[in-house]
Amino acid sequence: MKRAAAAVGLGLSFAAPLAAFRGASYPDAPPPGMTGGFGEPTCVMCHFAPSEPDVAGTLIVRGIPTSYSFGVEYEVSIELERPGLERAGFELAARFADGCESGGQAGDLAAPDPGAAVTEAAGIQYAHHTEPGSHPPVPGRTRWTVRWTAPARGSGTVAFHVAGNAANGDESPLGDHVYAFVARTAPDSPGRC
């Protein structure tokens, strides 16, 4: 009789953590501050990605200019691809990398379609996926578009940090693959700080 009670207790101890995993998925939006930049973690904080680098997938960010003009709008696309990708997410931030405003918001982010949105936290804007944007339009591949309006003035180089999550769609943090990307762009004329 004692063995049956021990087996039931063991089964319950595994059920509780699995139930907690289901609550950890973020199909609507990731928590702000998961880009991997300026001391932030990435999606690995909640998704238990393998520790070795994953060469089967790619995170590509297009449209970040090599140099920016003050006040000009740029279209930035985030592309995530991996075999087995059934759900996906991303988070992007643009912050001053140096100068007197280092770490501060650089310019403005906007989301032109329902697959992405922008949330502000602690003075930083985070572009991220929405629930409709977490469903890839093609198996294994997805794309989001955001608009970045360069600052009207600035103190120098802007760093873009992006984290992407290629998820297997089982609503748990297991079996997902997280990628990080960073790019920098400098103003095409001296900043005024």
# chains A, B, ... in the order shown; residues from 1 in each chain; ligands from 1
>>> residues_around(residues="A:Ala159", least_positions_apart="6", cutoff="9 Å", atoms="only C-alpha atoms", output="PyMOL selection string")
chain A and resi 37+93-98+103+106+182-186
>>> write_last_selection(atoms="C-alpha atoms", output="PDB file, in the first residue's frame")
ATOM      1  CA  GLY A  37      21.243  43.973 -24.892  1.00  0.00           C
ATOM      2  CA  ALA A  93      15.069  47.448 -29.001  1.00  0.00           C
ATOM      3  CA  ALA A  94      17.049  50.427 -30.352  1.00  0.00           C
ATOM      4  CA  ARG A  95      19.197  52.256 -27.778  1.00  0.00           C
ATOM      5  CA  PHE A  96      22.103  54.655 -27.831  1.00  0.00           C
ATOM      6  CA  ALA A  97      25.278  52.601 -27.554  1.00  0.00           C
ATOM      7  CA  ASP A  98      27.552  55.417 -26.403  1.00  0.00           C
ATOM      8  CA  GLY A 103      21.461  52.930 -22.870  1.00  0.00           C
ATOM      9  CA  ALA A 106      17.154  55.915 -29.616  1.00  0.00           C
ATOM     10  CA  VAL A 182      23.053  42.817 -32.618  1.00  0.00           C
ATOM     11  CA  ALA A 183      23.842  45.604 -35.084  1.00  0.00           C
ATOM     12  CA  ARG A 184      25.086  49.142 -34.732  1.00  0.00           C
ATOM     13  CA  THR A 185      24.514  52.216 -36.845  1.00  0.00           C
ATOM     14  CA  ALA A 186      26.139  55.615 -36.509  1.00  0.00           C
TER      15      ALA A 186
END
>>> residues_around(residues="stretch 65-71 of chain A", least_positions_apart="4", cutoff="9 Å", atoms="only C-alpha atoms", output="PDB file with C-alpha atoms, in the first residue's frame")
ATOM      1  CA  GLY A 107      14.421  57.125 -31.943  1.00  0.00           C
ATOM      2  CA  THR A 149      12.370  56.556 -36.934  1.00  0.00           C
ATOM      3  CA  ALA A 150      15.905  57.710 -36.218  1.00  0.00           C
ATOM      4  CA  PRO A 151      16.265  60.199 -33.388  1.00  0.00           C
ATOM      5  CA  ALA A 152      15.824  63.873 -34.229  1.00  0.00           C
ATOM      6  CA  ARG A 153      19.096  64.413 -32.418  1.00  0.00           C
ATOM      7  CA  GLY A 154      21.464  62.030 -30.792  1.00  0.00           C
ATOM      8  CA  THR A 157      25.903  55.117 -32.344  1.00  0.00           C
ATOM      9  CA  ARG A 184      25.086  49.142 -34.732  1.00  0.00           C
ATOM     10  CA  THR A 185      24.514  52.216 -36.845  1.00  0.00           C
ATOM     11  CA  ALA A 186      26.139  55.615 -36.509  1.00  0.00           C
ATOM     12  CA  PRO A 187      24.706  59.015 -37.448  1.00  0.00           C
ATOM     13  CA  ASP A 188      25.780  60.395 -40.803  1.00  0.00           C
ATOM     14  CA  SER A 189      26.448  63.745 -39.118  1.00  0.00           C
ATOM     15  CA  GLY A 191      25.217  64.367 -32.813  1.00  0.00           C
TER      16      GLY A 191
END
>>> residues_around(residues="A:Ala163", least_positions_apart="4", cutoff="6 Å", atoms="only C-alpha atoms", output="PyMOL selection string")
chain A and resi 35+90-91+179-180
>>> atom_distance(atom1="atom CA of A:Thr130", atom2="atom CA of A:Val55")
26.1 Å
>>> closest_residue(among="A:Leu85, A:Ala166, A:Ile78, A:Ile60", to="A:His128", atoms="only C-alpha atoms")
A:Ile78
>>> select_by_dssp(residues="stretch 88-179 of chain A", states="strand (DSSP E)", output="PyMOL selection string")
chain A and resi 88-96+108-110+116-121+124-129+141-149+158-167+177-179
>>> write_last_selection(atoms="C-alpha atoms", output="short mmCIF file (atom, residue, chain, number, x, y, z; two decimals), in the first residue's frame")
data_model
loop_
_atom_site.label_atom_id
_atom_site.label_comp_id
_atom_site.auth_asym_id
_atom_site.auth_seq_id
_atom_site.Cartn_x
_atom_site.Cartn_y
_atom_site.Cartn_z
CA ALA A 88 7.69 32.09 -33.30
CA GLY A 89 8.41 35.30 -31.49
CA PHE A 90 10.84 38.18 -31.34
CA GLU A 91 11.74 41.29 -29.40
CA LEU A 92 13.77 44.28 -30.66
CA ALA A 93 15.07 47.45 -29.00
CA ALA A 94 17.05 50.43 -30.35
CA ARG A 95 19.20 52.26 -27.78
CA PHE A 96 22.10 54.65 -27.83
CA ASP A 108 10.94 55.65 -32.11
CA LEU A 109 9.63 52.18 -32.99
CA ALA A 110 6.26 51.52 -34.65
CA ALA A 116 3.94 43.09 -34.35
CA ALA A 117 3.40 45.69 -31.64
CA VAL A 118 5.45 48.07 -29.51
CA THR A 119 5.45 48.17 -25.70
CA GLU A 120 7.30 50.68 -23.54
CA ALA A 121 8.92 49.73 -20.24
CA ILE A 124 12.61 51.83 -23.58
CA GLN A 125 10.42 50.79 -26.52
CA TYR A 126 10.30 47.08 -27.33
CA ALA A 127 8.94 45.91 -30.68
CA HIS A 128 7.66 42.33 -30.43
CA HIS A 129 5.35 39.72 -31.94
CA ARG A 141 9.68 30.47 -41.68
CA THR A 142 8.27 33.78 -40.54
CA ARG A 143 8.86 37.52 -40.90
CA TRP A 144 7.88 40.67 -39.02
CA THR A 145 8.24 44.32 -40.02
CA VAL A 146 8.77 47.30 -37.74
CA ARG A 147 9.50 50.95 -38.49
CA TRP A 148 12.33 52.79 -36.80
CA THR A 149 12.37 56.56 -36.93
CA VAL A 158 22.61 53.23 -31.98
CA ALA A 159 22.61 49.54 -31.03
CA PHE A 160 19.80 47.26 -32.18
CA HIS A 161 19.39 44.12 -30.09
CA VAL A 162 17.01 41.43 -31.31
CA ALA A 163 16.10 38.05 -29.82
CA GLY A 164 14.08 35.49 -31.78
CA ASN A 165 12.43 32.27 -30.65
CA ALA A 166 11.77 29.42 -33.07
CA ALA A 167 9.27 27.38 -31.06
CA HIS A 177 15.53 27.49 -30.21
CA VAL A 178 16.57 31.04 -29.33
CA TYR A 179 18.72 33.30 -31.50
#
>>> atom_distance(atom1="atom CA of A:Glu86", atom2="atom CA of A:Gly133")
11.6 Å
>>> atom_distance(atom1="atom CA of A:Val76", atom2="atom CA of A:Asp176")
24.3 Å
